[in-house]
2 protein chains.
Amino acid sequence: MIKSEYYTQEIHGPYESYDLGDFQLEEGGAIQNGKLAYVTFGELNKTKDNAILIPTWFSGTSKIMETYIGNGRALDPEKYFIIIVNQLGNGLSSSPHNTPAPLNMANFPKVRISDDVRAQHKLITEKFGIEELALVVGGSMGAQQTYEWAVRYPDMVKRAAPIAGTAKNTIHDFLYAETLIEAITSDPNWNDGNYQSCKDVSAGLKRHAKLWSVMGLSTEFYKQEAWRLYGVNSLDEFIHDFLEPLFCEMDPNALLWMAWKWQRGDVSRMTGGDLQEALGRIKAKVFVMPIDSDMFFPPKDCEDEQTLIPNSEFRVIKSICGHYALFGAEGTAYSEQIDKHLSDLLAIKI
Amino acid sequence: MIKSEYYTQEIHGPYESYDLGDFQLEEGGAIQNGKLAYVTFGELNKTKDNAILIPTWFSGTSKIMETYIGNGRALDPEKYFIIIVNQLGNGLSSSPHNTPAPLNMANFPKVRISDDVRAQHKLITEKFGIEELALVVGGSMGAQQTYEWAVRYPDMVKRAAPIAGTAKNTIHDFLYAETLIEAITSDPNWNDGNYQSCKDVSAGLKRHAKLWSVMGLSTEFYKQEAWRLYGVNSLDEFIHDFLEPLFCEMDPNALLWMAWKWQRGDVSRMTGGDLQEALGRIKAKVFVMPIDSDMFFPPKDCEDEQTLIPNSEFRVIKSICGHYALFGAEGTAYSEQIDKHLSDLLAIKI
């Protein structure tokens, strides 16, 4: 195990840990003594029907998702019991760097979106005795998990809001994630996943950050110098003082394991490859919520899927921040749209 | 000088070579005994007013641009004297690999779009005695040169058709080109530009190709398996048997020098940074022709510029092939649009 100064309670907590035991994986093998890091807000009511589940996105932890909730907002802890669960491999839940030998680092097993959702199901049902979720909502890889939940457990999920993500990853998006992977693995100091510190791999992590500067934002973002939203004063600062440090603190293997998982998100694995059948299984009311300037989960790809979901609506988020709109740097210009759609969704009687 | 099996008359010819002499560059320094590789079709008429100039794009040579011309088409060598000029640094004209020491390889001087256009102007006026161009037309970096021509020599250029390119490169596009550069320079075998053979740098060139697979095409391209247009039978073949070999044959320094130039294309350098003033200088009738699915020269960026050009029209090319539509793999579905717009433009009396 590598000691991390980043994946800590101080930076990302407070969070709890749920013991998954020996958790079998779809690709074969198991995570021994698996841990699911999570945090809850609000109280579960007696009928246990006020639970909202929020999975995390690529590179993110539960901490950033806390910005989506608040008293008086759509995701209101005074009304709902909100559980934010860190995806496997994200650095807080069981991950390459925090797993004991022999399954540590490069030997950590491959994890799929389906594994995350089954692990979360175990937490939800066995720890909390919850049998229905008022809402599952997540962005990007969180959207992938949201779709997986709605298809895998259609009777449990009452409402679903996948933001800036797809049910079946596109080939184009697969290739983008591949470039992210190659930016890291091409660093000789990555050493096939057996480095001593993430700082050894900073050259690869910086190239990885640069790729996000292209596909994660938008041309209009730069034209309007919207990097000011991130509290920086120049383009150089945005790249070198925001994006690069952001990723350079992270564990390279964590990013690689999440990227592998992201590439392969696909609910049609449950229906022999038939996406229409898979999405047709969904019983939840679904709001499909792409971001209009998103370069790798573009609205058209999301709309193609939305038309296959029986009880769904297409709700586009407007932003010039591309996929990174998810970070909420635009403040209320973003959060008011999210809250409006989620409030509408939660107001629908199921 | 490095012997190249790629930049040859056999593969890219027949082409001629024009002697630029010692050609001074905007960034300082000069190319000694500079060469401009070019090819012509058709005959220059007596009034010397039937000339069409076609500059080349990033990584391309005059050979690919030959597919844009043909008897009975818009760019008709039976009517026009058509000159296709290879941009400096592209491997055929003076470039890092074909320049003698001491300015060879990594010591090759930085070249700007303005240098290309001044060199082409020398060829056009001194070699052929041409004082007006019926049309300048080019794609991508060829569009950058087209804009530079129209702003730098407004009285010479009667018509201009920049396809899938901008007059002033956007920051977003600058960053994309930066990732292309870093894919190559991060290869330890690039060795600061002093490798023995382009094959030494194949790992970097393959990563560079992978970046094109994302930003050069589109999600719809892959969804529709449009890679079949390139004569391959699978996605893997498209990546490994088309894109990777395409770039792996090229000279890494040539790509780097062109990318540096591409990043800095900006006609407003002629007007102290005032883009409106620069584009306002244009006297040519201009058709601004972006490709609707282009990810790094998107229509919106092109339209913002078009509105600043006095006598211009906005003509969008429809394609699912993104920027790579330029290759013309769609056959008549692409070339008929190009020919229609260029025919319309050439029919306009100036």
# chains A, B, ... in the order shown; residues from 1 in each chain; ligands from 1
$ interface_residues --of "chain A" --to "chain B" --cutoff "7 Å" --atoms "only C-alpha atoms" --output "ChimeraX atom specification"
/A:171-172,175-176,179,210-211,214,218-219,222
$ residues_around --residues "range 78-91 of chain A" --least-positions-apart "5" --cutoff "8 Å" --atoms "only C-alpha atoms" --output "PDB file with N, CA and C atoms, in the first residue's frame"
ATOM      1  N   TYR A   7      -5.885  11.135  -0.555  1.00  0.00           N
ATOM      2  CA  TYR A   7      -7.124  10.394  -0.271  1.00  0.00           C
ATOM      3  C   TYR A   7      -7.277  10.220   1.238  1.00  0.00           C
ATOM      4  N   LEU A  36     -16.214   0.193   0.877  1.00  0.00           N
ATOM      5  CA  LEU A  36     -16.957   1.203   0.138  1.00  0.00           C
ATOM      6  C   LEU A  36     -17.014   2.448   1.024  1.00  0.00           C
ATOM      7  N   ALA A  37     -16.367   3.502   0.573  1.00  0.00           N
ATOM      8  CA  ALA A  37     -16.402   4.757   1.333  1.00  0.00           C
ATOM      9  C   ALA A  37     -17.665   5.517   0.951  1.00  0.00           C
ATOM     10  N   TYR A  38     -18.373   6.010   1.964  1.00  0.00           N
ATOM     11  CA  TYR A  38     -19.627   6.712   1.686  1.00  0.00           C
ATOM     12  C   TYR A  38     -19.873   7.747   2.768  1.00  0.00           C
ATOM     13  N   VAL A  39     -20.801   8.646   2.468  1.00  0.00           N
ATOM     14  CA  VAL A  39     -21.187   9.646   3.446  1.00  0.00           C
ATOM     15  C   VAL A  39     -22.694   9.843   3.325  1.00  0.00           C
ATOM     16  N   THR A  40     -23.361  10.085   4.428  1.00  0.00           N
ATOM     17  CA  THR A  40     -24.813  10.285   4.383  1.00  0.00           C
ATOM     18  C   THR A  40     -25.183  11.641   4.974  1.00  0.00           C
ATOM     19  N   PHE A  41     -26.309  12.141   4.493  1.00  0.00           N
ATOM     20  CA  PHE A  41     -26.864  13.393   5.005  1.00  0.00           C
ATOM     21  C   PHE A  41     -28.365  13.180   5.224  1.00  0.00           C
ATOM     22  N   GLY A  42     -28.897  13.781   6.258  1.00  0.00           N
ATOM     23  CA  GLY A  42     -30.324  13.655   6.540  1.00  0.00           C
ATOM     24  C   GLY A  42     -30.640  12.336   7.228  1.00  0.00           C
ATOM     25  N   GLU A  43     -31.944  12.081   7.391  1.00  0.00           N
ATOM     26  CA  GLU A  43     -32.403  10.909   8.140  1.00  0.00           C
ATOM     27  C   GLU A  43     -33.269  10.024   7.256  1.00  0.00           C
ATOM     28  N   LEU A  44     -33.071   8.744   7.391  1.00  0.00           N
ATOM     29  CA  LEU A  44     -33.936   7.799   6.689  1.00  0.00           C
ATOM     30  C   LEU A  44     -35.281   7.764   7.441  1.00  0.00           C
ATOM     31  N   ASN A  45     -36.376   7.962   6.685  1.00  0.00           N
ATOM     32  CA  ASN A  45     -37.676   7.964   7.371  1.00  0.00           C
ATOM     33  C   ASN A  45     -38.127   6.531   7.699  1.00  0.00           C
ATOM     34  N   ASN A  50     -37.377   7.602   1.443  1.00  0.00           N
ATOM     35  CA  ASN A  50     -36.872   8.952   1.134  1.00  0.00           C
ATOM     36  C   ASN A  50     -35.363   8.965   0.843  1.00  0.00           C
ATOM     37  N   ALA A  51     -34.860   7.837   0.349  1.00  0.00           N
ATOM     38  CA  ALA A  51     -33.406   7.741   0.115  1.00  0.00           C
ATOM     39  C   ALA A  51     -33.023   8.187  -1.292  1.00  0.00           C
ATOM     40  N   ILE A  52     -31.958   8.935  -1.358  1.00  0.00           N
ATOM     41  CA  ILE A  52     -31.376   9.355  -2.640  1.00  0.00           C
ATOM     42  C   ILE A  52     -29.936   8.870  -2.691  1.00  0.00           C
ATOM     43  N   LEU A  53     -29.587   8.243  -3.786  1.00  0.00           N
ATOM     44  CA  LEU A  53     -28.222   7.727  -3.939  1.00  0.00           C
ATOM     45  C   LEU A  53     -27.463   8.543  -4.975  1.00  0.00           C
ATOM     46  N   ILE A  54     -26.229   8.915  -4.635  1.00  0.00           N
ATOM     47  CA  ILE A  54     -25.376   9.677  -5.552  1.00  0.00           C
ATOM     48  C   ILE A  54     -24.034   8.968  -5.710  1.00  0.00           C
ATOM     49  N   PRO A  55     -23.798   8.346  -6.844  1.00  0.00           N
ATOM     50  CA  PRO A  55     -22.465   7.761  -7.107  1.00  0.00           C
ATOM     51  C   PRO A  55     -21.506   8.843  -7.624  1.00  0.00           C
ATOM     52  N   THR A  56     -20.232   8.539  -7.673  1.00  0.00           N
ATOM     53  CA  THR A  56     -19.214   9.552  -8.017  1.00  0.00           C
ATOM     54  C   THR A  56     -18.700   9.396  -9.446  1.00  0.00           C
ATOM     55  N   TRP A  57     -18.088  10.475  -9.923  1.00  0.00           N
ATOM     56  CA  TRP A  57     -17.543  10.465 -11.281  1.00  0.00           C
ATOM     57  C   TRP A  57     -16.048  10.159 -11.304  1.00  0.00           C
ATOM     58  N   PHE A  58     -15.514  10.030 -12.512  1.00  0.00           N
ATOM     59  CA  PHE A  58     -14.084   9.795 -12.748  1.00  0.00           C
ATOM     60  C   PHE A  58     -13.258  10.837 -12.006  1.00  0.00           C
ATOM     61  N   SER A  59     -12.337  10.368 -11.207  1.00  0.00           N
ATOM     62  CA  SER A  59     -11.365  11.197 -10.469  1.00  0.00           C
ATOM     63  C   SER A  59     -11.976  11.913  -9.277  1.00  0.00           C
ATOM     64  N   GLY A  60     -13.290  11.950  -9.191  1.00  0.00           N
ATOM     65  CA  GLY A  60     -13.933  12.654  -8.090  1.00  0.00           C
ATOM     66  C   GLY A  60     -14.165  11.758  -6.886  1.00  0.00           C
ATOM     67  N   THR A  61     -14.470  12.388  -5.773  1.00  0.00           N
ATOM     68  CA  THR A  61     -14.855  11.635  -4.578  1.00  0.00           C
ATOM     69  C   THR A  61     -16.191  12.188  -4.094  1.00  0.00           C
ATOM     70  N   SER A  62     -16.656  11.655  -2.984  1.00  0.00           N
ATOM     71  CA  SER A  62     -17.931  12.103  -2.418  1.00  0.00           C
ATOM     72  C   SER A  62     -17.898  13.597  -2.092  1.00  0.00           C
ATOM     73  N   MET A  65     -19.400  15.919  -4.633  1.00  0.00           N
ATOM     74  CA  MET A  65     -20.840  15.727  -4.800  1.00  0.00           C
ATOM     75  C   MET A  65     -21.634  16.387  -3.670  1.00  0.00           C
ATOM     76  N   GLU A  66     -20.950  16.669  -2.570  1.00  0.00           N
ATOM     77  CA  GLU A  66     -21.627  17.371  -1.471  1.00  0.00           C
ATOM     78  C   GLU A  66     -22.101  18.758  -1.909  1.00  0.00           C
ATOM     79  N   ASN A  71     -29.719  22.376   2.270  1.00  0.00           N
ATOM     80  CA  ASN A  71     -31.051  22.693   2.794  1.00  0.00           C
ATOM     81  C   ASN A  71     -31.759  23.677   1.873  1.00  0.00           C
ATOM     82  N   GLY A  72     -32.990  23.366   1.535  1.00  0.00           N
ATOM     83  CA  GLY A  72     -33.765  24.228   0.663  1.00  0.00           C
ATOM     84  C   GLY A  72     -33.516  23.991  -0.808  1.00  0.00           C
ATOM     85  N   PRO A  96      -6.393   0.510  -6.132  1.00  0.00           N
ATOM     86  CA  PRO A  96      -5.056  -0.083  -6.282  1.00  0.00           C
ATOM     87  C   PRO A  96      -4.078   0.314  -5.168  1.00  0.00           C
ATOM     88  N   HIS A  97      -4.092   1.579  -4.775  1.00  0.00           N
ATOM     89  CA  HIS A  97      -3.045   2.036  -3.844  1.00  0.00           C
ATOM     90  C   HIS A  97      -3.335   1.685  -2.387  1.00  0.00           C
ATOM     91  N   ASN A  98      -4.630   1.427  -2.046  1.00  0.00           N
ATOM     92  CA  ASN A  98      -4.941   1.177  -0.633  1.00  0.00           C
ATOM     93  C   ASN A  98      -5.300  -0.272  -0.330  1.00  0.00           C
ATOM     94  N   VAL A 111     -12.421  -3.626 -12.394  1.00  0.00           N
ATOM     95  CA  VAL A 111     -13.751  -3.421 -11.826  1.00  0.00           C
ATOM     96  C   VAL A 111     -14.650  -2.808 -12.890  1.00  0.00           C
ATOM     97  N   ASP A 116     -19.660  -1.883  -9.189  1.00  0.00           N
ATOM     98  CA  ASP A 116     -19.976  -0.749  -8.310  1.00  0.00           C
ATOM     99  C   ASP A 116     -21.424  -0.794  -7.868  1.00  0.00           C
ATOM    100  N   GLN A 120     -22.908  -1.168  -4.212  1.00  0.00           N
ATOM    101  CA  GLN A 120     -23.765  -0.125  -3.627  1.00  0.00           C
ATOM    102  C   GLN A 120     -25.099  -0.720  -3.194  1.00  0.00           C
ATOM    103  N   ASP A 251      -3.862   9.417  -7.613  1.00  0.00           N
ATOM    104  CA  ASP A 251      -3.100   8.203  -7.840  1.00  0.00           C
ATOM    105  C   ASP A 251      -3.247   7.758  -9.296  1.00  0.00           C
ATOM    106  N   ALA A 254      -5.345   4.690  -9.805  1.00  0.00           N
ATOM    107  CA  ALA A 254      -6.773   4.954  -9.564  1.00  0.00           C
ATOM    108  C   ALA A 254      -7.406   5.503 -10.839  1.00  0.00           C
ATOM    109  N   LEU A 255      -6.729   6.474 -11.453  1.00  0.00           N
ATOM    110  CA  LEU A 255      -7.257   7.059 -12.691  1.00  0.00           C
ATOM    111  C   LEU A 255      -7.350   6.005 -13.792  1.00  0.00           C
ATOM    112  N   TRP A 257      -7.649   2.716 -13.470  1.00  0.00           N
ATOM    113  CA  TRP A 257      -8.669   1.691 -13.216  1.00  0.00           C
ATOM    114  C   TRP A 257     -10.063   2.268 -13.454  1.00  0.00           C
ATOM    115  N   MET A 258     -10.237   3.532 -13.081  1.00  0.00           N
ATOM    116  CA  MET A 258     -11.537   4.172 -13.359  1.00  0.00           C
ATOM    117  C   MET A 258     -11.740   4.360 -14.863  1.00  0.00           C
TER     118      MET A 258
END
$ closest_residue --among "B:Ile350, B:Ala150, B:Ala143, B:Leu135" --to "Leu279 in chain B" --atoms "only C-alpha atoms"
B:Ala150
$ residues_around --residues "Thr67 in chain A" --least-positions-apart "5" --cutoff "12 Å" --atoms "only C-alpha atoms" --output "list in words"
Ile54, Thr61, Ser62, Arg73, Ala74, Leu75, Asp76, Ile84, Leu326, Phe327, Gly328, Ala329, Gly331, Thr332, Tyr334, Ser335, Ile338 and Asp339 of chain A
$ atom_distance --atom1 "CA of Arg264 in chain A" --atom2 "CA of Ile113 in chain A"
7.9 Å
$ closest_residue --among "A:Gly70, A:Pro310, A:Gly165, A:Gly34" --to "Gly21 in chain A" --atoms "only C-alpha atoms"
A:Gly34
$ select_by_dssp --residues "range 149-181 of chain B" --states "helix (DSSP H, G or I)" --output "ChimeraX atom specification"
/B:149-152,171-181
$ write_last_selection --atoms "N, CA, C and O atoms" --output "JSON list (two decimals), in the first residue's frame"
[["chain", "number", "residue", "atom", "x", "y", "z"],
["B", 149, "TRP", "N", -3.41, 35.05, -46.96],
["B", 149, "TRP", "CA", -3.32, 35.60, -48.32],
["B", 149, "TRP", "C", -4.30, 36.75, -48.52],
["B", 149, "TRP", "O", -3.95, 37.82, -49.01],
["B", 150, "ALA", "N", -5.56, 36.52, -48.09],
["B", 150, "ALA", "CA", -6.61, 37.51, -48.35],
["B", 150, "ALA", "C", -6.38, 38.80, -47.57],
["B", 150, "ALA", "O", -6.75, 39.89, -48.02],
["B", 151, "VAL", "N", -5.76, 38.68, -46.39],
["B", 151, "VAL", "CA", -5.52, 39.87, -45.57],
["B", 151, "VAL", "C", -4.20, 40.55, -45.97],
["B", 151, "VAL", "O", -4.12, 41.77, -46.04],
["B", 152, "ARG", "N", -3.19, 39.74, -46.27],
["B", 152, "ARG", "CA", -1.86, 40.29, -46.57],
["B", 152, "ARG", "C", -1.81, 40.92, -47.96],
["B", 152, "ARG", "O", -1.14, 41.92, -48.17],
["B", 171, "ILE", "N", -7.94, 29.53, -28.73],
["B", 171, "ILE", "CA", -7.15, 28.96, -27.63],
["B", 171, "ILE", "C", -7.42, 27.46, -27.51],
["B", 171, "ILE", "O", -6.52, 26.66, -27.28],
["B", 172, "HIS", "N", -8.67, 27.10, -27.66],
["B", 172, "HIS", "CA", -9.04, 25.68, -27.57],
["B", 172, "HIS", "C", -8.27, 24.85, -28.59],
["B", 172, "HIS", "O", -7.74, 23.78, -28.29],
["B", 173, "ASP", "N", -8.19, 25.37, -29.81],
["B", 173, "ASP", "CA", -7.48, 24.68, -30.87],
["B", 173, "ASP", "C", -5.97, 24.68, -30.60],
["B", 173, "ASP", "O", -5.28, 23.69, -30.88],
["B", 174, "PHE", "N", -5.48, 25.77, -30.05],
["B", 174, "PHE", "CA", -4.06, 25.84, -29.65],
["B", 174, "PHE", "C", -3.75, 24.70, -28.67],
["B", 174, "PHE", "O", -2.74, 24.01, -28.80],
["B", 175, "LEU", "N", -4.65, 24.49, -27.72],
["B", 175, "LEU", "CA", -4.42, 23.45, -26.71],
["B", 175, "LEU", "C", -4.48, 22.06, -27.35],
["B", 175, "LEU", "O", -3.72, 21.17, -26.98],
["B", 176, "TYR", "N", -5.40, 21.88, -28.29],
["B", 176, "TYR", "CA", -5.45, 20.59, -28.97],
["B", 176, "TYR", "C", -4.12, 20.31, -29.68],
["B", 176, "TYR", "O", -3.54, 19.23, -29.54],
["B", 177, "ALA", "N", -3.63, 21.29, -30.42],
["B", 177, "ALA", "CA", -2.35, 21.10, -31.12],
["B", 177, "ALA", "C", -1.23, 20.84, -30.11],
["B", 177, "ALA", "O", -0.29, 20.08, -30.39],
["B", 178, "GLU", "N", -1.35, 21.45, -28.94],
["B", 178, "GLU", "CA", -0.34, 21.22, -27.89],
["B", 178, "GLU", "C", -0.33, 19.74, -27.46],
["B", 178, "GLU", "O", 0.74, 19.17, -27.22],
["B", 179, "THR", "N", -1.50, 19.14, -27.37],
["B", 179, "THR", "CA", -1.53, 17.71, -26.99],
["B", 179, "THR", "C", -0.89, 16.86, -28.09],
["B", 179, "THR", "O", -0.25, 15.85, -27.79],
["B", 180, "LEU", "N", -1.05, 17.27, -29.35],
["B", 180, "LEU", "CA", -0.42, 16.54, -30.45],
["B", 180, "LEU", "C", 1.11, 16.63, -30.32],
["B", 180, "LEU", "O", 1.83, 15.65, -30.51],
["B", 181, "ILE", "N", 1.56, 17.83, -30.00],
["B", 181, "ILE", "CA", 3.00, 18.05, -29.84],
["B", 181, "ILE", "C", 3.54, 17.20, -28.69],
["B", 181, "ILE", "O", 4.55, 16.50, -28.82]]
$ residues_around --residues "Lys318 in chain A" --least-positions-apart "2" --cutoff "7 Å" --atoms "only C-alpha atoms" --output "PyMOL selection string"
chain A and resi 291-292+316
$ closest_residue --among "A:Leu346, A:Ala101, A:Ala106, A:Ala333" --to "Ser319 in chain A" --atoms "only C-alpha atoms"
A:Ala333
$ select_by_dssp --residues "range 140-308 of chain A" --states "strand (DSSP E)" --output "list in words"
Arg159, Ala160, Ala161, Pro162, Ile163, Lys285, Val286, Phe287 and Val288 of chain A
$ write_last_selection --atoms "N, CA, C and O atoms" --output "PDB file, in the first residue's frame"
ATOM      1  N   ARG A 159     -36.806   7.074  -9.484  1.00  0.00           N
ATOM      2  CA  ARG A 159     -36.445   8.197 -10.365  1.00  0.00           C
ATOM      3  C   ARG A 159     -34.942   8.130 -10.629  1.00  0.00           C
ATOM      4  O   ARG A 159     -34.170   7.702  -9.755  1.00  0.00           O
ATOM      5  N   ALA A 160     -34.565   8.570 -11.810  1.00  0.00           N
ATOM      6  CA  ALA A 160     -33.135   8.549 -12.145  1.00  0.00           C
ATOM      7  C   ALA A 160     -32.780   9.792 -12.948  1.00  0.00           C
ATOM      8  O   ALA A 160     -33.536  10.205 -13.830  1.00  0.00           O
ATOM      9  N   ALA A 161     -31.631  10.371 -12.627  1.00  0.00           N
ATOM     10  CA  ALA A 161     -31.181  11.577 -13.331  1.00  0.00           C
ATOM     11  C   ALA A 161     -29.712  11.433 -13.724  1.00  0.00           C
ATOM     12  O   ALA A 161     -28.819  11.846 -12.999  1.00  0.00           O
ATOM     13  N   PRO A 162     -29.473  10.798 -14.862  1.00  0.00           N
ATOM     14  CA  PRO A 162     -28.095  10.726 -15.363  1.00  0.00           C
ATOM     15  C   PRO A 162     -27.707  12.059 -16.001  1.00  0.00           C
ATOM     16  O   PRO A 162     -28.335  12.497 -16.957  1.00  0.00           O
ATOM     17  N   ILE A 163     -26.689  12.703 -15.427  1.00  0.00           N
ATOM     18  CA  ILE A 163     -26.219  14.002 -15.916  1.00  0.00           C
ATOM     19  C   ILE A 163     -24.926  13.788 -16.697  1.00  0.00           C
ATOM     20  O   ILE A 163     -23.972  13.189 -16.180  1.00  0.00           O
ATOM     21  N   LYS A 285     -38.912   6.974 -13.514  1.00  0.00           N
ATOM     22  CA  LYS A 285     -39.041   8.199 -14.302  1.00  0.00           C
ATOM     23  C   LYS A 285     -37.623   8.751 -14.456  1.00  0.00           C
ATOM     24  O   LYS A 285     -36.909   8.927 -13.469  1.00  0.00           O
ATOM     25  N   VAL A 286     -37.233   8.968 -15.703  1.00  0.00           N
ATOM     26  CA  VAL A 286     -35.837   9.365 -15.964  1.00  0.00           C
ATOM     27  C   VAL A 286     -35.755  10.740 -16.622  1.00  0.00           C
ATOM     28  O   VAL A 286     -36.465  11.009 -17.589  1.00  0.00           O
ATOM     29  N   PHE A 287     -34.920  11.595 -16.077  1.00  0.00           N
ATOM     30  CA  PHE A 287     -34.553  12.841 -16.753  1.00  0.00           C
ATOM     31  C   PHE A 287     -33.138  12.663 -17.288  1.00  0.00           C
ATOM     32  O   PHE A 287     -32.184  12.507 -16.514  1.00  0.00           O
ATOM     33  N   VAL A 288     -33.012  12.668 -18.599  1.00  0.00           N
ATOM     34  CA  VAL A 288     -31.689  12.569 -19.233  1.00  0.00           C
ATOM     35  C   VAL A 288     -31.156  13.992 -19.378  1.00  0.00           C
ATOM     36  O   VAL A 288     -31.759  14.822 -20.058  1.00  0.00           O
TER      37      VAL A 288
END
$ residues_around --residues "Ala278 in chain B" --least-positions-apart "2" --cutoff "10 Å" --atoms "only C-alpha atoms" --output "list in words"
Tyr147, Glu148, Ala150, Val151, Arg152, Ala167, Asp266, Val267, Ser268, Arg269, Met270, Thr271, Gly272, Gly273, Asp274, Leu275, Gln276, Gly280, Arg281, Ile282, Leu308 and Ile309 of chain B
$ atom_distance --atom1 "CA of Ser4 in chain B" --atom2 "CA of His121 in chain B"
28.0 Å
$ residues_around --residues "Asp241 in chain B" --least-positions-apart "3" --cutoff "12 Å" --atoms "only C-alpha atoms" --output "JSON, numbers by chain"
{"B": [206, 209, 227, 230, 231, 232, 233, 234, 235, 236, 237, 238, 244, 245, 246, 247, 248]}
